[in-house]
file coords-v4.cif (mmCIF, C-alpha atoms)
data_final
#
loop_
_atom_site.group_PDB
_atom_site.id
_atom_site.type_symbol
_atom_site.label_atom_id
_atom_site.label_comp_id
_atom_site.auth_asym_id
_atom_site.auth_seq_id
_atom_site.Cartn_x
_atom_site.Cartn_y
_atom_site.Cartn_z
ATOM 1 C CA GLU A 1 0.000 0.000 0.000
ATOM 2 C CA ILE A 2 1.222 3.463 -0.858
ATOM 3 C CA VAL A 3 1.480 5.601 2.266
ATOM 4 C CA MET A 4 0.823 9.330 1.958
ATOM 5 C CA THR A 5 2.566 11.485 4.554
ATOM 6 C CA GLN A 6 1.079 14.935 4.834
ATOM 7 C CA SER A 7 2.600 17.866 6.718
ATOM 8 C CA PRO A 8 2.181 19.859 8.792
ATOM 9 C CA GLY A 9 -0.709 18.498 10.837
ATOM 10 C CA THR A 10 -1.855 21.987 11.718
ATOM 11 C CA LEU A 11 -1.032 25.337 10.137
ATOM 12 C CA SER A 12 -1.856 28.591 11.915
ATOM 13 C CA VAL A 13 -2.184 31.424 9.424
ATOM 14 C CA SER A 14 -3.524 34.969 9.489
ATOM 15 C CA PRO A 15 -6.087 35.999 6.852
ATOM 16 C CA GLY A 16 -4.299 37.403 3.824
ATOM 17 C CA GLU A 17 -1.191 35.295 4.378
ATOM 18 C CA GLY A 18 -0.155 32.320 2.296
ATOM 19 C CA ALA A 19 -0.052 28.668 3.296
ATOM 20 C CA THR A 20 1.717 25.598 1.972
ATOM 21 C CA VAL A 21 0.813 21.950 2.588
ATOM 22 C CA THR A 22 3.089 19.107 1.565
ATOM 23 C CA CYS A 23 2.285 15.505 0.724
ATOM 24 C CA ARG A 24 4.909 12.799 0.236
ATOM 25 C CA ALA A 25 4.181 9.409 -1.314
ATOM 26 C CA SER A 26 6.039 6.280 -0.236
ATOM 27 C CA GLN A 27 6.246 5.212 -3.892
ATOM 28 C CA TYR A 28 6.231 6.864 -7.290
ATOM 29 C CA ILE A 29 2.706 8.013 -8.241
ATOM 30 C CA SER A 30 3.405 10.207 -11.281
ATOM 31 C CA THR A 31 0.887 13.090 -11.066
ATOM 32 C CA ASN A 32 -2.005 10.953 -9.836
ATOM 33 C CA LEU A 33 -2.734 13.134 -6.857
ATOM 34 C CA ALA A 34 -5.779 15.125 -5.803
ATOM 35 C CA TRP A 35 -6.393 17.693 -3.069
ATOM 36 C CA TYR A 36 -9.683 18.065 -1.194
ATOM 37 C CA GLN A 37 -10.999 20.716 1.168
ATOM 38 C CA HIS A 38 -13.211 19.612 4.053
ATOM 39 C CA LYS A 39 -15.175 21.910 6.309
ATOM 40 C CA ARG A 40 -16.940 20.687 9.443
ATOM 41 C CA GLY A 41 -20.460 19.495 8.712
ATOM 42 C CA GLN A 42 -20.019 19.645 4.949
ATOM 43 C CA ALA A 43 -19.102 17.207 2.204
ATOM 44 C CA PRO A 44 -15.457 17.294 1.156
ATOM 45 C CA ARG A 45 -14.779 19.218 -2.047
ATOM 46 C CA LEU A 46 -12.352 18.442 -4.862
ATOM 47 C CA LEU A 47 -9.918 21.314 -5.387
ATOM 48 C CA ILE A 48 -7.158 19.917 -7.582
ATOM 49 C CA TYR A 49 -6.513 16.732 -9.546
ATOM 50 C CA GLY A 50 -3.629 15.559 -11.686
ATOM 51 C CA ALA A 51 -1.407 17.252 -9.075
ATOM 52 C CA SER A 52 -1.903 20.704 -10.601
ATOM 53 C CA THR A 53 -5.216 20.991 -12.458
ATOM 54 C CA ARG A 54 -7.774 23.122 -10.690
ATOM 55 C CA GLU A 55 -11.288 21.702 -10.642
ATOM 56 C CA THR A 56 -13.955 23.958 -12.128
ATOM 57 C CA GLY A 57 -14.833 26.547 -9.530
ATOM 58 C CA THR A 58 -11.589 26.314 -7.559
ATOM 59 C CA PRO A 59 -10.257 29.831 -7.010
ATOM 60 C CA ALA A 60 -6.951 30.720 -8.651
ATOM 61 C CA ARG A 61 -5.360 31.341 -5.233
ATOM 62 C CA PHE A 62 -5.170 27.547 -4.881
ATOM 63 C CA SER A 63 -2.314 25.923 -6.780
ATOM 64 C CA GLY A 64 -0.890 22.429 -6.817
ATOM 65 C CA SER A 65 2.519 21.247 -7.908
ATOM 66 C CA GLY A 66 4.794 18.240 -7.864
ATOM 67 C CA SER A 67 5.209 14.836 -9.441
ATOM 68 C CA GLY A 68 6.667 11.496 -8.522
ATOM 69 C CA THR A 69 6.647 11.466 -4.727
ATOM 70 C CA GLU A 70 6.618 15.103 -3.581
ATOM 71 C CA PHE A 71 3.572 17.354 -3.885
ATOM 72 C CA THR A 72 2.516 20.751 -2.641
ATOM 73 C CA LEU A 73 -0.747 22.616 -2.227
ATOM 74 C CA ALA A 74 -0.258 26.357 -1.972
ATOM 75 C CA ILE A 75 -2.914 28.851 -0.963
ATOM 76 C CA SER A 76 -2.042 32.476 -1.563
ATOM 77 C CA SER A 77 -3.709 35.192 0.501
ATOM 78 C CA LEU A 78 -6.037 33.081 2.631
ATOM 79 C CA GLN A 79 -9.669 34.128 2.756
ATOM 80 C CA SER A 80 -11.994 33.403 5.674
ATOM 81 C CA GLU A 81 -13.661 30.583 3.719
ATOM 82 C CA ASP A 82 -10.322 28.797 3.235
ATOM 83 C CA PHE A 83 -9.913 27.800 6.874
ATOM 84 C CA ALA A 84 -10.604 24.081 6.726
ATOM 85 C CA VAL A 85 -8.903 20.694 6.653
ATOM 86 C CA TYR A 86 -7.057 19.716 3.482
ATOM 87 C CA TYR A 87 -6.340 16.153 2.348
ATOM 88 C CA CYS A 88 -4.208 14.736 -0.399
ATOM 89 C CA HIS A 89 -5.272 11.520 -2.155
ATOM 90 C CA GLN A 90 -3.119 9.369 -4.389
ATOM 91 C CA TYR A 91 -5.084 7.417 -6.975
ATOM 92 C CA ASN A 92 -2.188 5.867 -8.840
ATOM 93 C CA ASP A 93 -3.323 2.464 -7.563
ATOM 94 C CA TRP A 94 -7.079 2.880 -7.332
ATOM 95 C CA PRO A 95 -8.892 3.434 -4.983
ATOM 96 C CA GLY A 96 -5.750 4.951 -3.546
ATOM 97 C CA THR A 97 -4.923 6.311 -0.129
ATOM 98 C CA PHE A 98 -5.406 9.594 1.727
ATOM 99 C CA GLY A 99 -2.980 11.718 3.649
ATOM 100 C CA GLN A 100 -3.717 12.341 7.333
ATOM 101 C CA GLY A 101 -5.033 15.839 6.703
ATOM 102 C CA THR A 102 -3.779 19.356 7.462
ATOM 103 C CA LYS A 103 -5.913 21.704 9.480
ATOM 104 C CA VAL A 104 -5.494 25.317 8.378
ATOM 105 C CA GLU A 105 -6.646 27.485 11.271
ATOM 106 C CA THR A 106 -6.734 31.168 12.047
ATOM 107 C CA LYS A 107 -3.703 32.492 13.899
ATOM 108 C CA GLN B 1 -26.132 18.551 -11.369
ATOM 109 C CA VAL B 2 -24.637 15.605 -9.507
ATOM 110 C CA HIS B 3 -26.356 14.502 -6.320
ATOM 111 C CA LEU B 4 -25.388 11.681 -3.988
ATOM 112 C CA VAL B 5 -27.805 11.029 -1.134
ATOM 113 C CA GLU B 6 -26.858 8.584 1.598
ATOM 114 C CA SER B 7 -29.263 6.907 3.999
ATOM 115 C CA GLY B 8 -29.352 4.076 6.479
ATOM 116 C CA GLY B 9 -27.149 5.427 9.247
ATOM 117 C CA GLY B 10 -28.085 5.224 12.899
ATOM 118 C CA VAL B 11 -27.176 3.742 16.253
ATOM 119 C CA VAL B 12 -26.383 0.046 16.314
ATOM 120 C CA GLN B 13 -24.978 -2.304 18.931
ATOM 121 C CA PRO B 14 -21.551 -3.891 18.527
ATOM 122 C CA GLY B 15 -21.706 -7.091 16.544
ATOM 123 C CA ARG B 16 -24.874 -6.133 14.711
ATOM 124 C CA SER B 17 -25.379 -5.220 11.054
ATOM 125 C CA LEU B 18 -26.420 -2.148 9.110
ATOM 126 C CA ARG B 19 -26.863 -1.394 5.419
ATOM 127 C CA LEU B 20 -26.159 2.018 3.949
ATOM 128 C CA SER B 21 -27.588 3.168 0.639
ATOM 129 C CA CYS B 22 -26.582 5.961 -1.712
ATOM 130 C CA VAL B 23 -28.829 7.127 -4.528
ATOM 131 C CA ALA B 24 -27.059 8.938 -7.339
ATOM 132 C CA SER B 25 -28.418 11.364 -9.917
ATOM 133 C CA GLY B 26 -27.211 13.911 -12.439
ATOM 134 C CA PHE B 27 -24.636 11.740 -14.225
ATOM 135 C CA ASN B 28 -24.332 8.470 -16.108
ATOM 136 C CA PHE B 29 -24.151 6.246 -13.029
ATOM 137 C CA GLN B 30 -23.533 2.968 -14.835
ATOM 138 C CA ILE B 31 -20.172 4.048 -16.266
ATOM 139 C CA ASN B 32 -18.645 5.349 -13.044
ATOM 140 C CA GLY B 33 -16.839 3.656 -10.202
ATOM 141 C CA MET B 34 -17.966 4.609 -6.720
ATOM 142 C CA PHE B 35 -16.489 4.857 -3.218
ATOM 143 C CA TRP B 36 -17.518 4.764 0.395
ATOM 144 C CA VAL B 37 -15.248 6.954 2.531
ATOM 145 C CA ARG B 38 -15.607 7.469 6.276
ATOM 146 C CA GLN B 39 -14.450 9.927 8.907
ATOM 147 C CA ALA B 40 -14.347 8.778 12.513
ATOM 148 C CA PRO B 41 -14.666 11.416 15.266
ATOM 149 C CA GLY B 42 -11.472 13.463 15.433
ATOM 150 C CA LYS B 43 -9.865 11.498 12.619
ATOM 151 C CA GLY B 44 -9.130 11.984 8.932
ATOM 152 C CA LEU B 45 -10.728 10.550 5.820
ATOM 153 C CA GLU B 46 -10.420 6.806 5.231
ATOM 154 C CA TRP B 47 -11.708 5.019 2.170
ATOM 155 C CA VAL B 48 -13.705 1.992 3.202
ATOM 156 C CA ALA B 49 -14.713 0.361 -0.068
ATOM 157 C CA ALA B 50 -14.826 0.995 -3.779
ATOM 158 C CA ILE B 51 -16.522 -0.707 -6.697
ATOM 159 C CA SER B 52 -16.045 -0.736 -10.446
ATOM 160 C CA PHE B 53 -18.646 0.718 -12.807
ATOM 161 C CA ASP B 54 -20.247 -2.669 -13.452
ATOM 162 C CA GLY B 55 -19.904 -4.080 -9.941
ATOM 163 C CA THR B 56 -17.615 -6.919 -10.985
ATOM 164 C CA THR B 57 -14.565 -5.647 -9.090
ATOM 165 C CA LYS B 58 -14.707 -4.657 -5.434
ATOM 166 C CA TYR B 59 -12.042 -3.116 -3.239
ATOM 167 C CA PRO B 60 -12.595 -3.416 0.500
ATOM 168 C CA ALA B 61 -10.106 -1.698 2.805
ATOM 169 C CA ASP B 62 -8.105 -4.014 5.059
ATOM 170 C CA SER B 63 -9.842 -2.564 8.120
ATOM 171 C CA VAL B 64 -13.236 -3.836 6.938
ATOM 172 C CA LYS B 65 -12.334 -6.842 4.804
ATOM 173 C CA GLY B 66 -14.566 -9.801 5.599
ATOM 174 C CA ARG B 67 -17.105 -7.589 7.394
ATOM 175 C CA PHE B 68 -18.221 -4.920 4.909
ATOM 176 C CA THR B 69 -19.438 -5.526 1.349
ATOM 177 C CA MET B 70 -20.067 -2.867 -1.251
ATOM 178 C CA SER B 71 -22.508 -3.529 -4.078
ATOM 179 C CA ARG B 72 -24.456 -1.604 -6.679
ATOM 180 C CA ASP B 73 -27.697 -1.755 -8.613
ATOM 181 C CA ASN B 74 -27.263 0.147 -11.855
ATOM 182 C CA SER B 75 -30.988 -0.114 -12.591
ATOM 183 C CA ARG B 76 -31.660 1.900 -9.436
ATOM 184 C CA ASN B 77 -28.608 4.225 -9.597
ATOM 185 C CA THR B 78 -27.760 3.030 -6.107
ATOM 186 C CA VAL B 79 -24.725 1.746 -4.249
ATOM 187 C CA TYR B 80 -24.887 -0.085 -0.961
ATOM 188 C CA LEU B 81 -22.567 -0.807 1.930
ATOM 189 C CA GLN B 82 -23.509 -3.884 3.916
ATOM 190 C CA MET B 83 -21.775 -3.638 7.291
ATOM 191 C CA ASN B 84 -21.666 -6.768 9.449
ATOM 192 C CA SER B 85 -20.001 -7.498 12.785
ATOM 193 C CA LEU B 86 -19.840 -3.798 13.563
ATOM 194 C CA ARG B 87 -17.271 -2.565 16.050
ATOM 195 C CA ARG B 88 -17.104 0.627 18.112
ATOM 196 C CA GLU B 89 -14.243 1.813 15.914
ATOM 197 C CA ASP B 90 -16.577 1.760 12.888
ATOM 198 C CA THR B 91 -18.361 4.783 14.373
ATOM 199 C CA ALA B 92 -18.030 7.490 11.726
ATOM 200 C CA VAL B 93 -19.715 9.640 9.137
ATOM 201 C CA TYR B 94 -19.893 7.577 5.959
ATOM 202 C CA TYR B 95 -19.682 9.404 2.650
ATOM 203 C CA CYS B 96 -20.697 8.081 -0.733
ATOM 204 C CA ALA B 97 -18.441 9.422 -3.480
ATOM 205 C CA LYS B 98 -18.165 9.316 -7.256
ATOM 206 C CA ARG B 99 -15.016 8.381 -9.116
ATOM 207 C CA GLY B 100 -13.722 11.046 -11.479
ATOM 208 C CA ARG B 101 -12.238 10.357 -14.888
ATOM 209 C CA ASP B 102 -8.780 9.291 -13.754
ATOM 210 C CA GLY B 103 -9.622 7.844 -10.334
ATOM 211 C CA TYR B 104 -9.889 10.837 -8.016
ATOM 212 C CA ILE B 105 -13.180 11.671 -6.288
ATOM 213 C CA ASP B 106 -15.045 14.462 -8.027
ATOM 214 C CA TYR B 107 -18.295 14.451 -6.028
ATOM 215 C CA TRP B 108 -19.214 13.576 -2.468
ATOM 216 C CA GLY B 109 -22.499 13.078 -0.658
ATOM 217 C CA GLN B 110 -23.347 14.857 2.577
ATOM 218 C CA GLY B 111 -22.716 11.729 4.643
ATOM 219 C CA THR B 112 -24.664 9.558 7.048
ATOM 220 C CA LEU B 113 -23.647 8.976 10.665
ATOM 221 C CA VAL B 114 -23.153 5.474 11.994
ATOM 222 C CA THR B 115 -22.742 5.093 15.745
ATOM 223 C CA VAL B 116 -21.775 1.719 17.146
ATOM 224 C CA SER B 117 -22.600 1.668 20.815
ATOM 225 C CA SER B 118 -24.229 -0.540 23.387
#
call {"tool": "encode", "arguments": {"input": "coords-v4.cif", "output": "structure tokens"}}
result
Amino acid sequence: EIVMTQSPGTLSVSPGEGATVTCRASQYISTNLAWYQHKRGQAPRLLIYGASTRETGTPARFSGSGSGTEFTLAISSLQSEDFAVYYCHQYNDWPGTFGQGTKVETK
Amino acid sequence: QVHLVESGGGVVQPGRSLRLSCVASGFNFQINGMFWVRQAPGKGLEWVAAISFDGTTKYPADSVKGRFTMSRDNSRNTVYLQMNSLRREDTAVYYCAKRGRDGYIDYWGQGTLVTVSS
């Protein structure tokens, strides 16, 4: 099983600042990586797939990068609605595996 | 517009069974793989089971293998999760989810809560 290691576990950020979340795969997964946003009491939401392709409706302040085993989700200038938990998901060997999640909270 | 509506959650005693259902609409259900993903209290997302578009291939997670079975009825646009021998650690919100083109999840339901407690 491919293990996804996500860091940090929690990120404290002030509104308007940027944030970066990292995901590392235990094996090569090409660009078969997605990022989801999850807010309490809501369904998770797809933000990015193919490591860097924004889903329709994902704001441009969200960007994904990486390939192989190292991946990054960057959020520029955090808005109030961006404070949530973010998960990576490798789907190179379907159904894949999730990272542990990163909580982005207000500083 | 894609909709996934789960039902069947509730409170159940350890060792008992429960069946979750998810009715899908707004897309061509019979050509898409589907997932069940859960989130236990205070924990992250964990995929529980997945199924191919035609139901011939099933992928149970190790944590539920031998206890949970995912199935689908393409004539009813519905997937099911039969959960047997439930344990307290199966307590979670269970989400139904749709496979996207390359294998990621592009749509999620709102979830149904399963509580395993005596």
call {"tool": "closest_atom_pairs", "arguments": {"input": "coords-v4.cif", "of": "chain B", "to": "chain A", "cutoff": "8 Å", "atoms": "only C-alpha atoms", "output": "JSON lines"}}
result
{"residue": "B:Phe35", "atom": "CA", "partner": "A:Pro95", "partner_atom": "CA", "distance": 7.9}
{"residue": "B:Gly44", "atom": "CA", "partner": "A:Gln100", "partner_atom": "CA", "distance": 5.7}
{"residue": "B:Leu45", "atom": "CA", "partner": "A:Phe98", "partner_atom": "CA", "distance": 6.8}
{"residue": "B:Glu46", "atom": "CA", "partner": "A:Phe98", "partner_atom": "CA", "distance": 6.7}
{"residue": "B:Trp47", "atom": "CA", "partner": "A:Thr97", "partner_atom": "CA", "distance": 7.3}
{"residue": "B:Ala50", "atom": "CA", "partner": "A:Pro95", "partner_atom": "CA", "distance": 6.5}
{"residue": "B:Tyr59", "atom": "CA", "partner": "A:Pro95", "partner_atom": "CA", "distance": 7.5}
{"residue": "B:Tyr95", "atom": "CA", "partner": "A:Ala43", "partner_atom": "CA", "distance": 7.8}
{"residue": "B:Asp102", "atom": "CA", "partner": "A:Tyr91", "partner_atom": "CA", "distance": 7.9}
{"residue": "B:Gly103", "atom": "CA", "partner": "A:Tyr91", "partner_atom": "CA", "distance": 5.7}
{"residue": "B:Tyr104", "atom": "CA", "partner": "A:Tyr91", "partner_atom": "CA", "distance": 6.0}
{"residue": "B:Ile105", "atom": "CA", "partner": "A:Leu46", "partner_atom": "CA", "distance": 7.0}
{"residue": "B:Asp106", "atom": "CA", "partner": "A:Leu46", "partner_atom": "CA", "distance": 5.8}
{"residue": "B:Tyr107", "atom": "CA", "partner": "A:Arg45", "partner_atom": "CA", "distance": 7.1}
{"residue": "B:Trp108", "atom": "CA", "partner": "A:Ala43", "partner_atom": "CA", "distance": 5.9}
{"residue": "B:Gly109", "atom": "CA", "partner": "A:Ala43", "partner_atom": "CA", "distance": 6.1}
{"residue": "B:Gln110", "atom": "CA", "partner": "A:Ala43", "partner_atom": "CA", "distance": 4.9}
{"residue": "B:Gly111", "atom": "CA", "partner": "A:Ala43", "partner_atom": "CA", "distance": 7.0}
call {"tool": "residues_around", "arguments": {"input": "coords-v4.cif", "residues": "segment 57-69 of chain A", "least_positions_apart": "4", "cutoff": "7 Å", "atoms": "all atoms listed in the file", "output": "ChimeraX atom specification"}}
result
/A:24-31,47-48,51-52,73-76
call {"tool": "residues_around", "arguments": {"input": "coords-v4.cif", "residues": "Leu81 of chain B", "least_positions_apart": "3", "cutoff": "9 Å", "atoms": "only C-alpha atoms", "output": "list in words"}}
result
Leu18, Arg19, Leu20, Ser21, Cys22, Trp36, Ala49, Phe68, Thr69, Met70, Ser71 and Arg72 of chain B
call {"tool": "resolve_selection", "arguments": {"input": "coords-v4.cif", "expression": "the PyMOL selection byres ((chain A and resi 84) around 8)", "output": "PDB file with C-alpha atoms, keeping the file's coordinate frame"}}
result
ATOM      1  CA  GLN A  37     -10.999  20.716   1.168  1.00  0.00           C
ATOM      2  CA  HIS A  38     -13.211  19.612   4.053  1.00  0.00           C
ATOM      3  CA  LYS A  39     -15.175  21.910   6.309  1.00  0.00           C
ATOM      4  CA  ARG A  40     -16.940  20.687   9.443  1.00  0.00           C
ATOM      5  CA  GLU A  81     -13.661  30.583   3.719  1.00  0.00           C
ATOM      6  CA  ASP A  82     -10.322  28.797   3.235  1.00  0.00           C
ATOM      7  CA  PHE A  83      -9.913  27.800   6.874  1.00  0.00           C
ATOM      8  CA  VAL A  85      -8.903  20.694   6.653  1.00  0.00           C
ATOM      9  CA  TYR A  86      -7.057  19.716   3.482  1.00  0.00           C
ATOM     10  CA  LYS A 103      -5.913  21.704   9.480  1.00  0.00           C
ATOM     11  CA  VAL A 104      -5.494  25.317   8.378  1.00  0.00           C
ATOM     12  CA  GLU A 105      -6.646  27.485  11.271  1.00  0.00           C
TER      13      GLU A 105
END
call {"tool": "atom_distance", "arguments": {"input": "coords-v4.cif", "atom1": "atom CA of Thr106 of chain A", "atom2": "atom CA of Gln39 of chain B"}}
result
22.8 Å
call {"tool": "build_atoms", "arguments": {"input": "coords-v4.cif", "residues": "segment 5-28 of chain A", "atoms": "N, CA, C and O atoms", "output": "PDB file, in the frame of the given file"}}
result
ATOM      1  N   THR A   5       2.197  10.761   3.348  1.00  0.00           N
ATOM      2  CA  THR A   5       2.566  11.485   4.554  1.00  0.00           C
ATOM      3  C   THR A   5       2.367  12.971   4.303  1.00  0.00           C
ATOM      4  O   THR A   5       3.054  13.565   3.460  1.00  0.00           O
ATOM      5  N   GLN A   6       1.459  13.541   5.045  1.00  0.00           N
ATOM      6  CA  GLN A   6       1.079  14.935   4.834  1.00  0.00           C
ATOM      7  C   GLN A   6       1.632  15.779   5.983  1.00  0.00           C
ATOM      8  O   GLN A   6       1.618  15.349   7.146  1.00  0.00           O
ATOM      9  N   SER A   7       2.091  16.979   5.673  1.00  0.00           N
ATOM     10  CA  SER A   7       2.600  17.866   6.718  1.00  0.00           C
ATOM     11  C   SER A   7       2.363  19.334   6.354  1.00  0.00           C
ATOM     12  O   SER A   7       2.289  19.675   5.170  1.00  0.00           O
ATOM     13  N   PRO A   8       2.252  20.207   7.367  1.00  0.00           N
ATOM     14  CA  PRO A   8       2.181  19.859   8.792  1.00  0.00           C
ATOM     15  C   PRO A   8       0.794  19.341   9.159  1.00  0.00           C
ATOM     16  O   PRO A   8      -0.102  19.354   8.317  1.00  0.00           O
ATOM     17  N   GLY A   9       0.608  18.922  10.386  1.00  0.00           N
ATOM     18  CA  GLY A   9      -0.709  18.498  10.837  1.00  0.00           C
ATOM     19  C   GLY A   9      -1.647  19.676  11.024  1.00  0.00           C
ATOM     20  O   GLY A   9      -2.833  19.593  10.727  1.00  0.00           O
ATOM     21  N   THR A  10      -1.088  20.763  11.527  1.00  0.00           N
ATOM     22  CA  THR A  10      -1.855  21.987  11.718  1.00  0.00           C
ATOM     23  C   THR A  10      -1.017  23.172  11.262  1.00  0.00           C
ATOM     24  O   THR A  10       0.203  23.195  11.469  1.00  0.00           O
ATOM     25  N   LEU A  11      -1.688  24.131  10.630  1.00  0.00           N
ATOM     26  CA  LEU A  11      -1.032  25.337  10.137  1.00  0.00           C
ATOM     27  C   LEU A  11      -1.833  26.532  10.641  1.00  0.00           C
ATOM     28  O   LEU A  11      -3.036  26.626  10.370  1.00  0.00           O
ATOM     29  N   SER A  12      -1.184  27.392  11.407  1.00  0.00           N
ATOM     30  CA  SER A  12      -1.856  28.591  11.915  1.00  0.00           C
ATOM     31  C   SER A  12      -1.453  29.776  11.048  1.00  0.00           C
ATOM     32  O   SER A  12      -0.274  30.122  10.976  1.00  0.00           O
ATOM     33  N   VAL A  13      -2.444  30.384  10.417  1.00  0.00           N
ATOM     34  CA  VAL A  13      -2.184  31.424   9.424  1.00  0.00           C
ATOM     35  C   VAL A  13      -3.136  32.599   9.645  1.00  0.00           C
ATOM     36  O   VAL A  13      -4.311  32.389  10.000  1.00  0.00           O
ATOM     37  N   SER A  14      -2.658  33.789   9.424  1.00  0.00           N
ATOM     38  CA  SER A  14      -3.524  34.969   9.489  1.00  0.00           C
ATOM     39  C   SER A  14      -4.196  35.187   8.140  1.00  0.00           C
ATOM     40  O   SER A  14      -3.590  34.891   7.093  1.00  0.00           O
ATOM     41  N   PRO A  15      -5.432  35.673   8.135  1.00  0.00           N
ATOM     42  CA  PRO A  15      -6.087  35.999   6.852  1.00  0.00           C
ATOM     43  C   PRO A  15      -5.206  36.923   6.026  1.00  0.00           C
ATOM     44  O   PRO A  15      -4.586  37.856   6.543  1.00  0.00           O
ATOM     45  N   GLY A  16      -5.133  36.619   4.727  1.00  0.00           N
ATOM     46  CA  GLY A  16      -4.299  37.403   3.824  1.00  0.00           C
ATOM     47  C   GLY A  16      -2.903  36.823   3.632  1.00  0.00           C
ATOM     48  O   GLY A  16      -2.214  37.162   2.669  1.00  0.00           O
ATOM     49  N   GLU A  17      -2.502  35.946   4.534  1.00  0.00           N
ATOM     50  CA  GLU A  17      -1.191  35.295   4.378  1.00  0.00           C
ATOM     51  C   GLU A  17      -1.319  34.072   3.475  1.00  0.00           C
ATOM     52  O   GLU A  17      -2.422  33.629   3.154  1.00  0.00           O
ATOM     53  N   GLY A  18      -0.172  33.533   3.095  1.00  0.00           N
ATOM     54  CA  GLY A  18      -0.155  32.320   2.296  1.00  0.00           C
ATOM     55  C   GLY A  18       0.061  31.089   3.164  1.00  0.00           C
ATOM     56  O   GLY A  18       0.485  31.200   4.326  1.00  0.00           O
ATOM     57  N   ALA A  19      -0.236  29.930   2.592  1.00  0.00           N
ATOM     58  CA  ALA A  19      -0.052  28.668   3.296  1.00  0.00           C
ATOM     59  C   ALA A  19       0.400  27.602   2.312  1.00  0.00           C
ATOM     60  O   ALA A  19       0.009  27.628   1.140  1.00  0.00           O
ATOM     61  N   THR A  20       1.221  26.687   2.812  1.00  0.00           N
ATOM     62  CA  THR A  20       1.717  25.598   1.972  1.00  0.00           C
ATOM     63  C   THR A  20       1.584  24.284   2.723  1.00  0.00           C
ATOM     64  O   THR A  20       2.006  24.166   3.868  1.00  0.00           O
ATOM     65  N   VAL A  21       0.986  23.299   2.047  1.00  0.00           N
ATOM     66  CA  VAL A  21       0.813  21.950   2.588  1.00  0.00           C
ATOM     67  C   VAL A  21       1.589  20.989   1.686  1.00  0.00           C
ATOM     68  O   VAL A  21       1.556  21.115   0.463  1.00  0.00           O
ATOM     69  N   THR A  22       2.271  20.054   2.312  1.00  0.00           N
ATOM     70  CA  THR A  22       3.089  19.107   1.565  1.00  0.00           C
ATOM     71  C   THR A  22       2.574  17.691   1.745  1.00  0.00           C
ATOM     72  O   THR A  22       2.105  17.322   2.826  1.00  0.00           O
ATOM     73  N   CYS A  23       2.678  16.908   0.697  1.00  0.00           N
ATOM     74  CA  CYS A  23       2.285  15.505   0.724  1.00  0.00           C
ATOM     75  C   CYS A  23       3.407  14.695   0.073  1.00  0.00           C
ATOM     76  O   CYS A  23       3.872  15.042  -1.021  1.00  0.00           O
ATOM     77  N   ARG A  24       3.839  13.659   0.755  1.00  0.00           N
ATOM     78  CA  ARG A  24       4.909  12.799   0.236  1.00  0.00           C
ATOM     79  C   ARG A  24       4.388  11.382   0.103  1.00  0.00           C
ATOM     80  O   ARG A  24       3.783  10.840   1.037  1.00  0.00           O
ATOM     81  N   ALA A  25       4.606  10.789  -1.057  1.00  0.00           N
ATOM     82  CA  ALA A  25       4.181   9.409  -1.314  1.00  0.00           C
ATOM     83  C   ALA A  25       5.331   8.455  -1.056  1.00  0.00           C
ATOM     84  O   ALA A  25       6.491   8.764  -1.346  1.00  0.00           O
ATOM     85  N   SER A  26       4.996   7.273  -0.533  1.00  0.00           N
ATOM     86  CA  SER A  26       6.039   6.280  -0.236  1.00  0.00           C
ATOM     87  C   SER A  26       6.552   5.594  -1.495  1.00  0.00           C
ATOM     88  O   SER A  26       7.594   4.926  -1.465  1.00  0.00           O
ATOM     89  N   GLN A  27       5.824   5.758  -2.595  1.00  0.00           N
ATOM     90  CA  GLN A  27       6.246   5.212  -3.892  1.00  0.00           C
ATOM     91  C   GLN A  27       5.902   6.223  -4.980  1.00  0.00           C
ATOM     92  O   GLN A  27       5.106   7.129  -4.775  1.00  0.00           O
ATOM     93  N   TYR A  28       6.481   6.005  -6.140  1.00  0.00           N
ATOM     94  CA  TYR A  28       6.231   6.864  -7.290  1.00  0.00           C
ATOM     95  C   TYR A  28       4.753   6.805  -7.692  1.00  0.00           C
ATOM     96  O   TYR A  28       4.188   5.720  -7.860  1.00  0.00           O
TER      97      TYR A  28
END
